[in-house]
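Structure file upload_18.pdb; described as PDB, C-alpha atoms and all ligand atoms.
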ATOM      1  CA  MET A   1     128.753  83.879 107.770
ATOM      2  CA  ARG A   2     125.244  85.282 107.836
ATOM      3  CA  LEU A   3     123.595  85.102 104.431
ATOM      4  CA  ALA A   4     120.200  86.566 103.623
ATOM      5  CA  ILE A   5     118.177  85.890 100.479
ATOM      6  CA  PHE A   6     116.372  88.840  98.903
ATOM      7  CA  PRO A   7     113.903  87.271  96.433
ATOM      8  CA  GLY A   8     111.673  88.958  93.897
ATOM      9  CA  SER A   9     110.643  89.438  90.302
ATOM     10  CA  PHE A  10     112.685  92.647  89.961
ATOM     11  CA  ASP A  11     110.904  93.528  86.704
ATOM     12  CA  PRO A  12     112.675  95.922  86.751
ATOM     13  CA  ILE A  13     114.839  96.813  89.733
ATOM     14  CA  THR A  14     113.962 100.170  91.316
ATOM     15  CA  ASN A  15     115.771 102.523  93.677
ATOM     16  CA  GLY A  16     113.544 101.092  96.404
ATOM     17  CA  HIS A  17     115.066  97.628  95.856
ATOM     18  CA  LEU A  18     118.590  99.095  95.947
ATOM     19  CA  ASP A  19     117.762 100.902  99.175
ATOM     20  CA  LEU A  20     116.624  97.610 100.731
ATOM     21  CA  ILE A  21     119.821  95.828  99.633
ATOM     22  CA  ASP A  22     121.899  98.564 101.327
ATOM     23  CA  ARG A  23     119.883  98.149 104.521
ATOM     24  CA  ALA A  24     120.238  94.355 104.440
ATOM     25  CA  LEU A  25     124.020  94.688 104.025
ATOM     26  CA  LYS A  26     124.125  96.452 107.388
ATOM     27  CA  MET A  27     122.621  93.379 109.041
ATOM     28  CA  PHE A  28     124.074  90.451 107.093
ATOM     29  CA  ASP A  29     127.506  89.459 105.803
ATOM     30  CA  ARG A  30     126.133  88.662 102.382
ATOM     31  CA  VAL A  31     122.911  89.312 100.523
ATOM     32  CA  TYR A  32     121.867  86.987  97.713
ATOM     33  CA  VAL A  33     119.481  88.746  95.332
ATOM     34  CA  ALA A  34     117.417  85.880  93.913
ATOM     35  CA  ILE A  35     115.396  86.714  90.800
ATOM     36  CA  LEU A  36     112.424  84.474  90.090
ATOM     37  CA  THR A  37     112.710  82.954  86.604
ATOM     38  CA  ASN A  38     109.241  81.599  85.965
ATOM     39  CA  THR A  39     107.025  84.291  87.433
ATOM     40  CA  SER A  40     103.324  84.126  86.592
ATOM     41  CA  LYS A  41     103.354  87.916  86.179
ATOM     42  CA  LYS A  42     104.546  87.760  82.527
ATOM     43  CA  PRO A  43     107.654  89.889  82.994
ATOM     44  CA  LEU A  44     108.562  92.755  80.676
ATOM     45  CA  PHE A  45     112.260  91.897  80.916
ATOM     46  CA  THR A  46     113.721  88.443  80.295
ATOM     47  CA  ILE A  47     115.536  86.730  83.125
ATOM     48  CA  GLU A  48     118.865  87.479  81.389
ATOM     49  CA  GLU A  49     117.973  91.182  81.163
ATOM     50  CA  ARG A  50     116.906  91.317  84.818
ATOM     51  CA  LEU A  51     120.061  89.533  85.950
ATOM     52  CA  GLY A  52     122.224  91.839  83.836
ATOM     53  CA  MET A  53     120.605  95.033  85.111
ATOM     54  CA  MET A  54     120.814  93.846  88.710
ATOM     55  CA  ARG A  55     124.500  92.924  88.380
ATOM     56  CA  GLU A  56     125.330  96.293  86.797
ATOM     57  CA  CYS A  57     123.799  98.046  89.823
ATOM     58  CA  GLN A  58     125.802  96.199  92.459
ATOM     59  CA  ARG A  59     128.919  97.827  93.861
ATOM     60  CA  SER A  60     129.592  95.512  96.816
ATOM     61  CA  GLU A  61     131.237  92.110  96.546
ATOM     62  CA  ARG A  62     129.006  91.089  99.453
ATOM     63  CA  VAL A  63     126.014  91.103  97.081
ATOM     64  CA  LEU A  64     125.446  87.949  95.021
ATOM     65  CA  VAL A  65     122.967  87.892  92.157
ATOM     66  CA  GLY A  66     121.324  84.822  90.674
ATOM     67  CA  SER A  67     118.062  83.380  89.429
ATOM     68  CA  PHE A  68     115.863  80.675  90.881
ATOM     69  CA  GLN A  69     112.822  78.626  90.042
ATOM     70  CA  GLY A  70     110.669  76.397  92.188
ATOM     71  CA  LEU A  71     110.191  76.935  95.889
ATOM     72  CA  LEU A  72     112.020  79.835  97.496
ATOM     73  CA  VAL A  73     112.634  77.853 100.684
ATOM     74  CA  ASP A  74     114.427  75.111  98.715
ATOM     75  CA  PHE A  75     116.632  77.681  97.032
ATOM     76  CA  ALA A  76     117.362  79.403 100.353
ATOM     77  CA  HIS A  77     118.384  76.061 101.896
ATOM     78  CA  ALA A  78     120.579  75.188  98.921
ATOM     79  CA  GLN A  79     122.404  78.511  99.350
ATOM     80  CA  GLY A  80     122.745  78.079 103.111
ATOM     81  CA  ALA A  81     120.615  81.117 103.951
ATOM     82  CA  ALA A  82     118.712  81.358 107.228
ATOM     83  CA  VAL A  83     116.869  84.594 106.455
ATOM     84  CA  ILE A  84     114.555  85.863 103.716
ATOM     85  CA  ILE A  85     114.444  89.633 103.245
ATOM     86  CA  ARG A  86     111.259  91.290 102.007
ATOM     87  CA  GLY A  87     110.367  94.946 101.696
ATOM     88  CA  LEU A  88     107.283  96.463 103.298
ATOM     89  CA  ARG A  89     106.116  99.772 101.893
ATOM     90  CA  ALA A  90     102.554 100.344 102.948
ATOM     91  CA  VAL A  91      99.823  98.544 104.855
ATOM     92  CA  SER A  92      98.591  97.279 101.485
ATOM     93  CA  ASP A  93     101.715  95.105 101.180
ATOM     94  CA  PHE A  94     101.149  93.544 104.541
ATOM     95  CA  GLU A  95      98.513  90.899 103.856
ATOM     96  CA  TYR A  96     100.310  89.404 100.849
ATOM     97  CA  GLU A  97     103.657  89.509 102.619
ATOM     98  CA  LEU A  98     102.275  87.955 105.806
ATOM     99  CA  GLN A  99     100.696  85.118 103.807
ATOM    100  CA  MET A 100     103.975  84.406 102.032
ATOM    101  CA  ALA A 101     106.001  84.593 105.240
ATOM    102  CA  MET A 102     103.622  82.211 107.020
ATOM    103  CA  MET A 103     103.587  79.766 104.105
ATOM    104  CA  ASN A 104     107.380  79.816 103.963
ATOM    105  CA  ARG A 105     107.497  79.240 107.727
ATOM    106  CA  GLU A 106     105.134  76.286 107.333
ATOM    107  CA  LEU A 107     107.400  74.830 104.632
ATOM    108  CA  ALA A 108     110.674  75.638 106.406
ATOM    109  CA  PRO A 109     110.354  76.506 110.124
ATOM    110  CA  ASN A 110     114.071  77.275 110.434
ATOM    111  CA  LEU A 111     113.921  80.116 107.878
ATOM    112  CA  GLU A 112     113.011  83.560 109.202
ATOM    113  CA  THR A 113     111.482  86.337 107.093
ATOM    114  CA  VAL A 114     112.793  89.794 107.956
ATOM    115  CA  PHE A 115     110.846  92.812 106.692
ATOM    116  CA  LEU A 116     112.696  96.013 105.911
ATOM    117  CA  MET A 117     111.154  99.372 105.101
ATOM    118  CA  PRO A 118     112.630 101.480 102.319
ATOM    119  CA  LYS A 119     113.404 105.181 102.602
ATOM    120  CA  ASN A 120     110.178 107.210 102.811
ATOM    121  CA  VAL A 121     110.507 108.633  99.306
ATOM    122  CA  TYR A 122     110.364 105.099  97.897
ATOM    123  CA  SER A 123     107.367 103.987  99.941
ATOM    124  CA  TYR A 124     105.014 104.480  96.970
ATOM    125  CA  LEU A 125     107.391 103.022  94.406
ATOM    126  CA  SER A 126     106.756  99.741  92.599
ATOM    127  CA  SER A 127     108.084  98.085  89.449
ATOM    128  CA  ARG A 128     104.534  98.027  88.109
ATOM    129  CA  LEU A 129     104.050 101.791  88.460
ATOM    130  CA  VAL A 130     107.503 102.515  87.039
ATOM    131  CA  LYS A 131     106.580 100.546  83.906
ATOM    132  CA  GLU A 132     103.234 102.314  83.660
ATOM    133  CA  VAL A 133     104.852 105.751  83.847
ATOM    134  CA  ALA A 134     107.675 104.757  81.489
ATOM    135  CA  VAL A 135     105.362 103.431  78.775
ATOM    136  CA  LEU A 136     103.572 106.799  78.784
ATOM    137  CA  GLY A 137     106.848 108.704  78.487
ATOM    138  CA  GLY A 138     106.934 110.047  82.079
ATOM    139  CA  ASP A 139     110.140 110.919  83.926
ATOM    140  CA  ILE A 140     111.360 107.960  85.973
ATOM    141  CA  SER A 141     114.948 109.177  86.375
ATOM    142  CA  LYS A 142     114.635 109.569  90.172
ATOM    143  CA  LEU A 143     112.945 106.208  90.633
ATOM    144  CA  VAL A 144     115.255 103.723  88.936
ATOM    145  CA  PRO A 145     118.983 103.438  88.287
ATOM    146  CA  LYS A 146     120.272 104.887  85.004
ATOM    147  CA  ASN A 147     120.735 101.521  83.274
ATOM    148  CA  VAL A 148     117.121 100.582  84.033
ATOM    149  CA  GLU A 149     115.851 103.964  82.805
ATOM    150  CA  GLU A 150     117.693 103.406  79.537
ATOM    151  CA  ALA A 151     116.471  99.823  79.226
ATOM    152  CA  LEU A 152     112.875 100.962  79.733
ATOM    153  CA  LYS A 153     113.289 103.663  77.097
ATOM    154  CA  ARG A 154     114.612 101.053  74.672
ATOM    155  CA  LYS A 155     111.723  98.681  75.456
ATOM    156  CA  PHE A 156     109.087 101.331  74.999
ATOM    157  CA  ASP A 157     111.019 103.318  72.400
ATOM    158  CA  THR A 158     110.213 106.606  74.146
ATOM    159  CA  PRO A 159     112.305 109.775  73.676
ATOM    160  CA  SER A 160     114.812 110.739  76.414
ATOM    161  CA  ASN A 161     113.541 113.121  79.108
ATOM    162  CA  SER A 162     117.003 114.144  80.179
TER     163      SER A 162
HETATM  164  O1  LIG A 201     108.729  90.663  93.642
HETATM  165  P1  LIG A 201     107.619  89.703  93.902
HETATM  166  O2  LIG A 201     106.966  89.301  92.593
HETATM  167  O3  LIG A 201     106.620  90.197  94.904
HETATM  168  O4  LIG A 201     108.307  88.373  94.523
HETATM  169  C1  LIG A 201     107.530  87.251  94.845
HETATM  170  C2  LIG A 201     108.425  86.033  95.165
HETATM  171  C3  LIG A 201     109.399  85.758  94.030
HETATM  172  C4  LIG A 201     109.189  86.291  96.424
HETATM  173  C5  LIG A 201     107.468  84.815  95.385
HETATM  174  O5  LIG A 201     106.588  84.724  94.312
HETATM  175  C6  LIG A 201     108.215  83.497  95.527
HETATM  176  O6  LIG A 201     108.916  83.277  96.483
HETATM  177  N1  LIG A 201     108.039  82.609  94.525
HETATM  178  C7  LIG A 201     108.688  81.299  94.504
HETATM  179  C8  LIG A 201     107.660  80.174  94.654
HETATM  180  C9  LIG A 201     107.398  79.889  96.121
HETATM  181  O7  LIG A 201     108.276  79.585  96.886
HETATM  182  N2  LIG A 201     106.105  79.988  96.503
HETATM  183  C10 LIG A 201     105.672  79.769  97.852
HETATM  184  C11 LIG A 201     105.978  80.946  98.751
HETATM  185  S1  LIG A 201     104.525  81.626  99.357
END

Output the structure of this file as structure tokens.
Amino acid sequence: MRLAIFPGSFDPITNGHLDLIDRALKMFDRVYVAILTNTSKKPLFTIEERLGMMRECQRSERVLVGSFQGLLVDFAHAQGAAVIIRGLRAVSDFEYELQMAMMNRELAPNLETVFLMPKNVYSYLSSRLVKEVAVLGGDISKLVPKNVEEALKRKFDTPSNS
């Protein structure tokens, strides 16, 4: 059984993340979406909220969703994964992603990082920008799943655009 770990903050999940999960499912038997609990980025959504939203979005029993803390490589080993999935959108992602991949390789030489590119229309999309647009009342309905759109509206208490 080939298991890949797809780690991230997912604060919140976007359509770009969902697109990457679909692509990973074509290559691996199972994809474990691993949401970082103790991110230094001060998340908008609690870990319970992020787990709940992610689980609501999953339609395949081949997708597992859970949280992790500590080193990603330790979590990947504990789950029996041999591959880490990361998304690459633009050149600007590359340096950060390369550094992480190389550090993870240093820590765990048997783990491979596989980069996947989302659909073109999501190549500019990030959780950070989604939050920025949502807090100002902009339309994010094409960028995130419905449950996330509603959760953002509740967080920011903005009127519905639809
Ligand atoms: O969605 P993000 O915030 O870009 O995801 C970053 C993440 C969670 C993949 C990264 O911060 C991570 O793996 N953190 C766990 C701690 C760790 O293993 N650090 C060393 C890897 S360089």

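Against this structure, the PyMOL selection byres (((chain A and resi 69) around 7) and not hetatm) ends up with A:Leu36, A:Thr37, A:Asn38, A:Phe68, A:Gly70, A:Leu71.
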
C-alpha atoms of the current selection, written as a PDB file, keeping the file's coordinate frame:
ATOM      1  CA  LEU A  36     112.424  84.474  90.090  1.00  0.00           C
ATOM      2  CA  THR A  37     112.710  82.954  86.604  1.00  0.00           C
ATOM      3  CA  ASN A  38     109.241  81.599  85.965  1.00  0.00           C
ATOM      4  CA  PHE A  68     115.863  80.675  90.881  1.00  0.00           C
ATOM      5  CA  GLY A  70     110.669  76.397  92.188  1.00  0.00           C
ATOM      6  CA  LEU A  71     110.191  76.935  95.889  1.00  0.00           C
TER       7      LEU A  71
END

Could you tell me which residues the PyMOL selection byres (((chain A and resi 43) around 12) and not hetatm) returns for this structure, as a list in words?
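Taken on the displayed file, the PyMOL selection byres (((chain A and resi 43) around 12) and not hetatm) yields the residues Gly8, Ser9, Phe10, Asp11, Pro12, Ile35, Leu36, Thr37, Asn38, Thr39, Ser40, Lys41, Lys42, Leu44, Phe45, Thr46, Ile47, Glu48, Glu49, Arg50, Ser127, Arg128 and Lys131 of chain A.
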
Residues within 10 Å of Ser123 in chain A, please, as number ranges by chain. Count only C-alpha atoms; anything in the same chain fewer than 3 positions from it doesn't count.
A: 16, 87-90, 117-120, 126

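Proximity to Asp93 in chain A was assessed for A:Met53, A:Glu149, A:Leu116, A:Glu61 counting only C-alpha atoms; the smallest distance is recorded for A:Leu116.
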
So that all listed atoms of ligand LIG 201 (chain A) fit with 8 Å spare on each side, what axis-aligned box centre and edge lengths in Å, to one decimal, would you give as JSON?
{"center_x": 107.0, "center_y": 85.1, "center_z": 96.0, "size_x": 20.9, "size_y": 27.1, "size_z": 22.8}

Which is closer to ligand LIG 201 (chain A) than all the others in A:Lys26, A:Val33, A:Asn104, A:Asp157, using all atoms listed in the file?
A:Asn104

Choose the residue, out of A:Glu56, A:Met1, A:Ala76, A:Met27, that has the smallest atom-to-atom separation from ligand LIG 201 (chain A); count only C-alpha atoms and all ligand atoms.
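Under the stated criterion, the closest residue is A:Ala76.
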
What's around Met103 in chain A at 12 Å? Count only C-alpha atoms, leave out sequence neighbours fewer than 4 positions away in its own chain, and write the answer as a ChimeraX atom specification.
/A:71-73,96-99,107-109,111-113

For the structure shown, which residues end up in the PyMOL selection byres (((chain A and resi 30) around 7) and not hetatm)? Put them as a ChimeraX atom specification, please?
/A:2-4,25,28-29,31-32,62-63

Residue contacts of Phe156 in chain A (9 Å, only C-alpha atoms) excluding same-chain residues fewer than 5 positions away, as a ChimeraX atom specification
/A:134-137,151

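Across the structure, CA of Val133 in chain A and CA of Met54 in chain A are spaced 20.5 Å apart.
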
Atom O2 of ligand LIG 201 (chain A) and CA of Ser141 in chain A are how many Å apart?
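It comes out at 22.3 Å.
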
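Going from CA of Asp22 in chain A over to atom C10 of ligand LIG 201 (chain A), you cover 25.1 Å.
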
Identify which of the residues A:Val83, A:Ile5, A:Ala101, A:Ala24 lies closest to ligand LIG 201 (chain A), counting all atoms listed in the file when measuring atom-to-atom distances.
A:Ala101

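Residue nearest Gly80 in chain A within the list A:Met102, A:Tyr124, A:Asn110, A:Val65: A:Asn110 [criterion: smallest interatomic distance, all atoms listed in the file].
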
Give the answer as one residue: which of A:Ile13, A:Ile140, A:Val114, A:Val148 has the shortest atom-to-atom distance to ligand LIG 201 (chain A), using only C-alpha atoms and all ligand atoms?
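The closest residue to ligand LIG 201 (chain A) is A:Ile13.
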
Fix up range 65-88 of chain A with N, CA, C and O atoms, then write it as a PDB file, in the coordinates of the input.
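The result, stored in rebuild_36.pdb:
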ATOM      1  N   VAL A  65     124.185  87.785  92.974  1.00  0.00           N
ATOM      2  CA  VAL A  65     122.967  87.892  92.157  1.00  0.00           C
ATOM      3  C   VAL A  65     122.789  86.591  91.386  1.00  0.00           C
ATOM      4  O   VAL A  65     123.738  86.092  90.768  1.00  0.00           O
ATOM      5  N   GLY A  66     121.592  86.039  91.435  1.00  0.00           N
ATOM      6  CA  GLY A  66     121.324  84.822  90.674  1.00  0.00           C
ATOM      7  C   GLY A  66     119.835  84.656  90.454  1.00  0.00           C
ATOM      8  O   GLY A  66     119.034  85.461  90.942  1.00  0.00           O
ATOM      9  N   SER A  67     119.487  83.621  89.687  1.00  0.00           N
ATOM     10  CA  SER A  67     118.062  83.380  89.429  1.00  0.00           C
ATOM     11  C   SER A  67     117.653  82.089  90.128  1.00  0.00           C
ATOM     12  O   SER A  67     118.501  81.273  90.500  1.00  0.00           O
ATOM     13  N   PHE A  68     116.349  81.935  90.313  1.00  0.00           N
ATOM     14  CA  PHE A  68     115.863  80.675  90.881  1.00  0.00           C
ATOM     15  C   PHE A  68     114.499  80.347  90.311  1.00  0.00           C
ATOM     16  O   PHE A  68     113.792  81.216  89.795  1.00  0.00           O
ATOM     17  N   GLN A  69     114.174  79.063  90.380  1.00  0.00           N
ATOM     18  CA  GLN A  69     112.822  78.626  90.042  1.00  0.00           C
ATOM     19  C   GLN A  69     112.412  77.610  91.092  1.00  0.00           C
ATOM     20  O   GLN A  69     113.257  77.131  91.845  1.00  0.00           O
ATOM     21  N   GLY A  70     111.137  77.325  91.161  1.00  0.00           N
ATOM     22  CA  GLY A  70     110.669  76.397  92.188  1.00  0.00           C
ATOM     23  C   GLY A  70     110.465  77.127  93.501  1.00  0.00           C
ATOM     24  O   GLY A  70     110.324  78.351  93.548  1.00  0.00           O
ATOM     25  N   LEU A  71     110.492  76.358  94.577  1.00  0.00           N
ATOM     26  CA  LEU A  71     110.191  76.935  95.889  1.00  0.00           C
ATOM     27  C   LEU A  71     111.349  77.780  96.408  1.00  0.00           C
ATOM     28  O   LEU A  71     112.510  77.344  96.396  1.00  0.00           O
ATOM     29  N   LEU A  72     111.007  78.946  96.926  1.00  0.00           N
ATOM     30  CA  LEU A  72     112.020  79.835  97.496  1.00  0.00           C
ATOM     31  C   LEU A  72     112.752  79.169  98.665  1.00  0.00           C
ATOM     32  O   LEU A  72     113.970  79.298  98.796  1.00  0.00           O
ATOM     33  N   VAL A  73     111.996  78.453  99.504  1.00  0.00           N
ATOM     34  CA  VAL A  73     112.634  77.853 100.684  1.00  0.00           C
ATOM     35  C   VAL A  73     113.692  76.816 100.277  1.00  0.00           C
ATOM     36  O   VAL A  73     114.729  76.690 100.927  1.00  0.00           O
ATOM     37  N   ASP A  74     113.436  76.093  99.186  1.00  0.00           N
ATOM     38  CA  ASP A  74     114.427  75.111  98.715  1.00  0.00           C
ATOM     39  C   ASP A  74     115.687  75.823  98.239  1.00  0.00           C
ATOM     40  O   ASP A  74     116.809  75.383  98.507  1.00  0.00           O
ATOM     41  N   PHE A  75     115.475  76.921  97.527  1.00  0.00           N
ATOM     42  CA  PHE A  75     116.632  77.681  97.032  1.00  0.00           C
ATOM     43  C   PHE A  75     117.415  78.278  98.201  1.00  0.00           C
ATOM     44  O   PHE A  75     118.643  78.234  98.223  1.00  0.00           O
ATOM     45  N   ALA A  76     116.691  78.806  99.184  1.00  0.00           N
ATOM     46  CA  ALA A  76     117.362  79.403 100.353  1.00  0.00           C
ATOM     47  C   ALA A  76     118.199  78.338 101.074  1.00  0.00           C
ATOM     48  O   ALA A  76     119.347  78.587 101.442  1.00  0.00           O
ATOM     49  N   HIS A  77     117.635  77.147 101.245  1.00  0.00           N
ATOM     50  CA  HIS A  77     118.384  76.061 101.896  1.00  0.00           C
ATOM     51  C   HIS A  77     119.619  75.687 101.092  1.00  0.00           C
ATOM     52  O   HIS A  77     120.706  75.514 101.648  1.00  0.00           O
ATOM     53  N   ALA A  78     119.450  75.585  99.779  1.00  0.00           N
ATOM     54  CA  ALA A  78     120.579  75.188  98.921  1.00  0.00           C
ATOM     55  C   ALA A  78     121.722  76.204  99.022  1.00  0.00           C
ATOM     56  O   ALA A  78     122.896  75.845  98.894  1.00  0.00           O
ATOM     57  N   GLN A  79     121.368  77.473  99.246  1.00  0.00           N
ATOM     58  CA  GLN A  79     122.404  78.511  99.350  1.00  0.00           C
ATOM     59  C   GLN A  79     122.961  78.639 100.770  1.00  0.00           C
ATOM     60  O   GLN A  79     123.911  79.366 101.008  1.00  0.00           O
ATOM     61  N   GLY A  80     122.302  77.981 101.722  1.00  0.00           N
ATOM     62  CA  GLY A  80     122.745  78.079 103.111  1.00  0.00           C
ATOM     63  C   GLY A  80     122.266  79.343 103.804  1.00  0.00           C
ATOM     64  O   GLY A  80     122.899  79.805 104.765  1.00  0.00           O
ATOM     65  N   ALA A  81     121.153  79.899 103.324  1.00  0.00           N
ATOM     66  CA  ALA A  81     120.615  81.117 103.951  1.00  0.00           C
ATOM     67  C   ALA A  81     119.648  80.755 105.069  1.00  0.00           C
ATOM     68  O   ALA A  81     118.913  79.769 104.978  1.00  0.00           O
ATOM     69  N   ALA A  82     119.635  81.581 106.111  1.00  0.00           N
ATOM     70  CA  ALA A  82     118.712  81.358 107.228  1.00  0.00           C
ATOM     71  C   ALA A  82     117.635  82.434 107.272  1.00  0.00           C
ATOM     72  O   ALA A  82     116.713  82.370 108.083  1.00  0.00           O
ATOM     73  N   VAL A  83     117.781  83.441 106.413  1.00  0.00           N
ATOM     74  CA  VAL A  83     116.869  84.594 106.455  1.00  0.00           C
ATOM     75  C   VAL A  83     116.415  84.971 105.048  1.00  0.00           C
ATOM     76  O   VAL A  83     117.208  84.952 104.102  1.00  0.00           O
ATOM     77  N   ILE A  84     115.121  85.308 104.954  1.00  0.00           N
ATOM     78  CA  ILE A  84     114.555  85.863 103.716  1.00  0.00           C
ATOM     79  C   ILE A  84     114.268  87.329 103.992  1.00  0.00           C
ATOM     80  O   ILE A  84     113.636  87.657 105.008  1.00  0.00           O
ATOM     81  N   ILE A  85     114.723  88.193 103.111  1.00  0.00           N
ATOM     82  CA  ILE A  85     114.444  89.633 103.245  1.00  0.00           C
ATOM     83  C   ILE A  85     113.278  89.990 102.332  1.00  0.00           C
ATOM     84  O   ILE A  85     113.269  89.608 101.156  1.00  0.00           O
ATOM     85  N   ARG A  86     112.310  90.728 102.858  1.00  0.00           N
ATOM     86  CA  ARG A  86     111.259  91.290 102.007  1.00  0.00           C
ATOM     87  C   ARG A  86     111.051  92.733 102.408  1.00  0.00           C
ATOM     88  O   ARG A  86     111.232  93.104 103.564  1.00  0.00           O
ATOM     89  N   GLY A  87     110.638  93.535 101.429  1.00  0.00           N
ATOM     90  CA  GLY A  87     110.367  94.946 101.696  1.00  0.00           C
ATOM     91  C   GLY A  87     108.906  95.141 102.056  1.00  0.00           C
ATOM     92  O   GLY A  87     108.024  94.469 101.521  1.00  0.00           O
ATOM     93  N   LEU A  88     108.660  96.071 102.962  1.00  0.00           N
ATOM     94  CA  LEU A  88     107.283  96.463 103.298  1.00  0.00           C
ATOM     95  C   LEU A  88     107.168  97.948 103.056  1.00  0.00           C
ATOM     96  O   LEU A  88     107.889  98.733 103.676  1.00  0.00           O
TER      97      LEU A  88
END
